[in-house]
>>> print(open('structure_7.cif').read())   # mmCIF, C-alpha atoms
data_run
#
loop_
_atom_site.group_PDB
_atom_site.id
_atom_site.type_symbol
_atom_site.label_atom_id
_atom_site.label_comp_id
_atom_site.auth_asym_id
_atom_site.auth_seq_id
_atom_site.Cartn_x
_atom_site.Cartn_y
_atom_site.Cartn_z
ATOM 1 C CA MET A 300 67.388 123.750 80.810
ATOM 2 C CA ALA A 301 67.524 126.709 83.189
ATOM 3 C CA SER A 302 63.834 126.268 84.037
ATOM 4 C CA THR A 303 64.470 122.615 84.992
ATOM 5 C CA THR A 304 67.294 123.621 87.320
ATOM 6 C CA LEU A 305 65.207 126.436 88.727
ATOM 7 C CA ALA A 306 62.201 124.186 89.412
ATOM 8 C CA ARG A 307 64.442 121.521 90.984
ATOM 9 C CA SER A 308 66.126 124.070 93.251
ATOM 10 C CA LEU A 309 62.862 125.716 94.322
ATOM 11 C CA TYR A 310 60.965 122.579 95.149
ATOM 12 C CA ASN A 311 63.902 120.317 96.164
ATOM 13 C CA LEU A 312 62.848 117.683 93.649
ATOM 14 C CA PRO A 313 65.019 114.686 92.787
ATOM 15 C CA LYS A 314 66.615 114.578 89.328
ATOM 16 C CA GLY A 315 64.336 111.857 87.918
ATOM 17 C CA VAL A 316 61.119 113.770 88.554
ATOM 18 C CA LEU A 317 61.767 116.569 86.084
ATOM 19 C CA ALA A 318 63.832 114.572 83.592
ATOM 20 C CA ARG A 319 60.773 113.247 81.776
ATOM 21 C CA HIS A 320 59.423 116.793 81.329
ATOM 22 C CA SER A 321 62.665 118.496 80.273
ATOM 23 C CA ARG A 322 61.684 118.605 76.584
ATOM 24 C CA THR A 323 58.310 120.113 77.467
ATOM 25 C CA LEU A 324 59.966 122.667 79.745
ATOM 26 C CA ARG A 325 62.274 123.789 76.965
ATOM 27 C CA THR A 326 59.340 124.036 74.538
ATOM 28 C CA CYS A 327 57.284 126.098 76.984
ATOM 29 C CA ALA A 328 60.230 128.345 77.725
ATOM 30 C CA VAL A 329 60.549 129.184 74.020
ATOM 31 C CA LEU A 330 56.894 130.228 73.734
ATOM 32 C CA ARG A 331 56.246 133.802 74.820
ATOM 33 C CA ASP A 332 53.209 134.097 77.048
ATOM 34 C CA THR A 333 50.550 136.587 76.149
ATOM 35 C CA PRO A 334 50.108 139.298 78.765
ATOM 36 C CA THR A 335 47.172 138.991 81.152
ATOM 37 C CA HIS A 336 44.360 141.536 81.385
ATOM 38 C CA THR A 337 46.439 143.436 83.950
ATOM 39 C CA GLY A 338 49.477 143.454 81.653
ATOM 40 C CA GLN A 339 51.527 140.877 83.571
ATOM 41 C CA GLU A 340 54.286 139.122 81.674
ATOM 42 C CA PHE A 341 56.609 136.556 83.227
ATOM 43 C CA SER A 342 60.246 136.196 82.211
ATOM 44 C CA ASP A 343 61.619 132.781 81.290
ATOM 45 C CA ASP A 344 63.517 132.386 84.599
ATOM 46 C CA ASP A 345 60.534 133.313 86.808
ATOM 47 C CA TYR A 346 59.884 130.702 89.510
ATOM 48 C CA ARG A 347 56.128 130.846 88.811
ATOM 49 C CA ASN A 348 56.713 129.122 85.467
ATOM 50 C CA ALA A 349 57.386 125.851 87.341
ATOM 51 C CA ARG A 350 53.599 125.389 87.506
ATOM 52 C CA PHE A 351 53.446 125.117 83.722
ATOM 53 C CA GLU A 352 55.732 122.153 83.115
ATOM 54 C CA VAL A 353 53.393 120.034 81.006
ATOM 55 C CA ALA A 354 51.288 122.654 79.228
ATOM 56 C CA PRO A 355 51.813 126.313 78.366
ATOM 57 C CA ARG A 356 50.107 129.038 80.378
ATOM 58 C CA GLN A 357 46.598 129.814 79.156
ATOM 59 C CA THR A 358 45.496 133.428 79.157
ATOM 60 C CA ASN A 359 41.854 134.409 78.795
ATOM 61 C CA ASP A 360 41.568 137.061 76.102
ATOM 62 C CA ARG A 361 37.783 137.462 76.463
ATOM 63 C CA TRP A 362 37.652 140.309 78.970
ATOM 64 C CA ALA A 363 34.361 141.261 80.611
ATOM 65 C CA ILE A 364 34.556 144.898 79.565
ATOM 66 C CA ASP A 365 34.763 143.859 75.907
ATOM 67 C CA LEU A 366 31.960 141.310 76.226
ATOM 68 C CA ILE A 367 29.523 143.758 77.834
ATOM 69 C CA ARG A 368 30.287 146.338 75.130
ATOM 70 C CA ASP A 369 28.922 143.876 72.542
ATOM 71 C CA VAL A 370 25.514 143.692 74.282
ATOM 72 C CA PRO A 371 23.132 146.145 72.564
ATOM 73 C CA PRO A 372 21.246 148.724 74.667
ATOM 74 C CA LYS A 373 17.761 147.650 75.815
ATOM 75 C CA ALA A 374 14.701 149.696 74.886
ATOM 76 C CA VAL A 375 12.451 150.559 77.842
ATOM 77 C CA LYS A 376 8.890 151.948 77.621
ATOM 78 C CA GLY A 377 8.895 153.658 81.009
ATOM 79 C CA ARG A 378 10.858 156.570 82.415
ATOM 80 C CA VAL A 379 12.619 154.470 85.064
ATOM 81 C CA VAL A 380 14.180 151.024 84.762
ATOM 82 C CA ALA A 381 15.310 148.734 87.593
ATOM 83 C CA CYS A 382 18.471 146.712 87.008
ATOM 84 C CA ASP A 383 19.420 143.880 89.353
ATOM 85 C CA GLY A 384 21.991 142.184 87.127
ATOM 86 C CA GLY A 385 20.205 138.856 86.802
ATOM 87 C CA PRO A 386 18.584 136.123 88.852
ATOM 88 C CA GLY A 387 19.692 135.075 92.322
ATOM 89 C CA ALA A 388 23.347 135.148 93.273
ATOM 90 C CA LEU A 389 24.372 136.147 89.743
ATOM 91 C CA GLY A 390 22.962 139.623 90.205
ATOM 92 C CA HIS A 391 23.873 142.773 92.104
ATOM 93 C CA PRO A 392 21.951 145.208 94.332
ATOM 94 C CA ARG A 393 18.934 146.640 92.509
ATOM 95 C CA VAL A 394 19.461 150.130 91.128
ATOM 96 C CA TYR A 395 16.896 152.408 89.499
ATOM 97 C CA ILE A 396 17.982 154.295 86.405
ATOM 98 C CA ASN A 397 16.192 157.463 85.277
ATOM 99 C CA LEU A 398 15.792 157.620 81.494
ATOM 100 C CA ASP A 399 14.293 161.133 81.180
ATOM 101 C CA ALA A 400 17.381 162.573 79.459
ATOM 102 C CA PRO A 401 17.923 161.551 75.822
ATOM 103 C CA GLY A 402 20.524 158.917 75.008
ATOM 104 C CA THR A 403 21.567 155.724 76.733
ATOM 105 C CA ARG A 404 22.200 155.247 80.452
ATOM 106 C CA GLU A 405 24.186 152.401 81.945
ATOM 107 C CA CYS A 406 23.984 150.467 85.182
ATOM 108 C CA ILE A 407 26.774 151.366 87.601
ATOM 109 C CA TYR A 408 27.332 147.698 88.524
ATOM 110 C CA CYS A 409 27.071 145.628 85.349
ATOM 111 C CA GLN A 410 27.302 148.329 82.645
ATOM 112 C CA LEU A 411 24.149 147.129 80.860
ATOM 113 C CA ARG A 412 22.784 150.034 78.822
ATOM 114 C CA PHE A 413 19.187 151.200 78.591
ATOM 115 C CA TYR A 414 17.364 153.854 76.580
ATOM 116 C CA LYS A 415 13.811 155.203 76.573
ATOM 117 C CA ASP A 416 11.728 153.958 73.645
ATOM 118 C CA GLU A 417 10.323 157.214 72.210
ATOM 119 C CA SER A 418 7.481 155.461 70.370
ATOM 120 C CA HIS A 419 5.692 154.839 73.664
#
>>> encode(input="structure_7.cif", output="structure tokens")
Amino acid sequence: MASTTLARSLYNLPKGVLARHSRTLRTCAVLRDTPTHTGQEFSDDDYRNARFEVAPRQTNDRWAIDLIRDVPPKAVKGRVVACDGGPGALGHPRVYINLDAPGTRECIYCQLRFYKDESH
């Protein structure tokens, strides 16, 4: 009920506008939001919760750093590999990565990993 009063006071809404969503507001207020990738958590009386009257806040738990970690390193036959991140606007400035030292090397922009294929 506090979130209904808060939303009405912040946006100067008439009583009938939020009355039909009061049950949803109470349900959403009971659910605890998962923290975002930056660790943000909003308290139940935060004015930003007025945006989530009909549906609960959705937090993306598939972070880019975890997704790129799942990509296996690419084997390269040469000593130097060029990484541009992908085609067109999806990419980044082209960087050249030296693979002379043993082990994997990663791109400074997209963190794709490369290693020199020793069988070549």
>>> closest_residue(input="structure_7.cif", among="A:His391, A:Arg361, A:Arg350, A:Arg404", to="Arg378 (chain A)", atoms="all atoms listed in the file")
A:Arg404
>>> resolve_selection(input="structure_7.cif", expression="the PyMOL selection byres ((chain A and resi 408) around 9)", output="PDB file with C-alpha atoms, in the coordinates of the input")
ATOM      1  CA  ASP A 383      19.420 143.880  89.353  1.00  0.00           C
ATOM      2  CA  GLY A 384      21.991 142.184  87.127  1.00  0.00           C
ATOM      3  CA  HIS A 391      23.873 142.773  92.104  1.00  0.00           C
ATOM      4  CA  PRO A 392      21.951 145.208  94.332  1.00  0.00           C
ATOM      5  CA  VAL A 394      19.461 150.130  91.128  1.00  0.00           C
ATOM      6  CA  GLU A 405      24.186 152.401  81.945  1.00  0.00           C
ATOM      7  CA  CYS A 406      23.984 150.467  85.182  1.00  0.00           C
ATOM      8  CA  ILE A 407      26.774 151.366  87.601  1.00  0.00           C
ATOM      9  CA  CYS A 409      27.071 145.628  85.349  1.00  0.00           C
ATOM     10  CA  GLN A 410      27.302 148.329  82.645  1.00  0.00           C
ATOM     11  CA  LEU A 411      24.149 147.129  80.860  1.00  0.00           C
TER      12      LEU A 411
END
>>> atom_distance(input="structure_7.cif", atom1="CA of Ala388 (chain A)", atom2="CA of Thr337 (chain A)")
26.2 Å
>>> residues_near_point(input="structure_7.cif", point="(17.1, 155.2, 86.5)", cutoff="8 Å", atoms="all atoms listed in the file", output="PyMOL selection string")
chain A and resi 378-381+394-398+404
>>> write_last_selection(input="structure_7.cif", atoms="C-alpha atoms", output="PDB file, keeping the file's coordinate frame")
ATOM      1  CA  ARG A 378      10.858 156.570  82.415  1.00  0.00           C
ATOM      2  CA  VAL A 379      12.619 154.470  85.064  1.00  0.00           C
ATOM      3  CA  VAL A 380      14.180 151.024  84.762  1.00  0.00           C
ATOM      4  CA  ALA A 381      15.310 148.734  87.593  1.00  0.00           C
ATOM      5  CA  VAL A 394      19.461 150.130  91.128  1.00  0.00           C
ATOM      6  CA  TYR A 395      16.896 152.408  89.499  1.00  0.00           C
ATOM      7  CA  ILE A 396      17.982 154.295  86.405  1.00  0.00           C
ATOM      8  CA  ASN A 397      16.192 157.463  85.277  1.00  0.00           C
ATOM      9  CA  LEU A 398      15.792 157.620  81.494  1.00  0.00           C
ATOM     10  CA  ARG A 404      22.200 155.247  80.452  1.00  0.00           C
TER      11      ARG A 404
END
>>> closest_residue(input="structure_7.cif", among="A:Asp399, A:Glu340, A:Asp365, A:Asp345", to="Gly377 (chain A)", atoms="only C-alpha atoms")
A:Asp399
>>> atom_distance(input="structure_7.cif", atom1="CA of Arg347 (chain A)", atom2="CA of Asn359 (chain A)")
17.8 Å
>>> atom_distance(input="structure_7.cif", atom1="CA of Phe413 (chain A)", atom2="CA of Pro371 (chain A)")
8.8 Å
>>> axis_aligned_box(input="structure_7.cif", around="region 354-367 of chain A", padding_each_side="6 Å", output="AutoDock Vina command-line options")
--center_x 40.7 --center_y 133.8 --center_z 78.3 --size_x 34.3 --size_y 34.2 --size_z 16.7
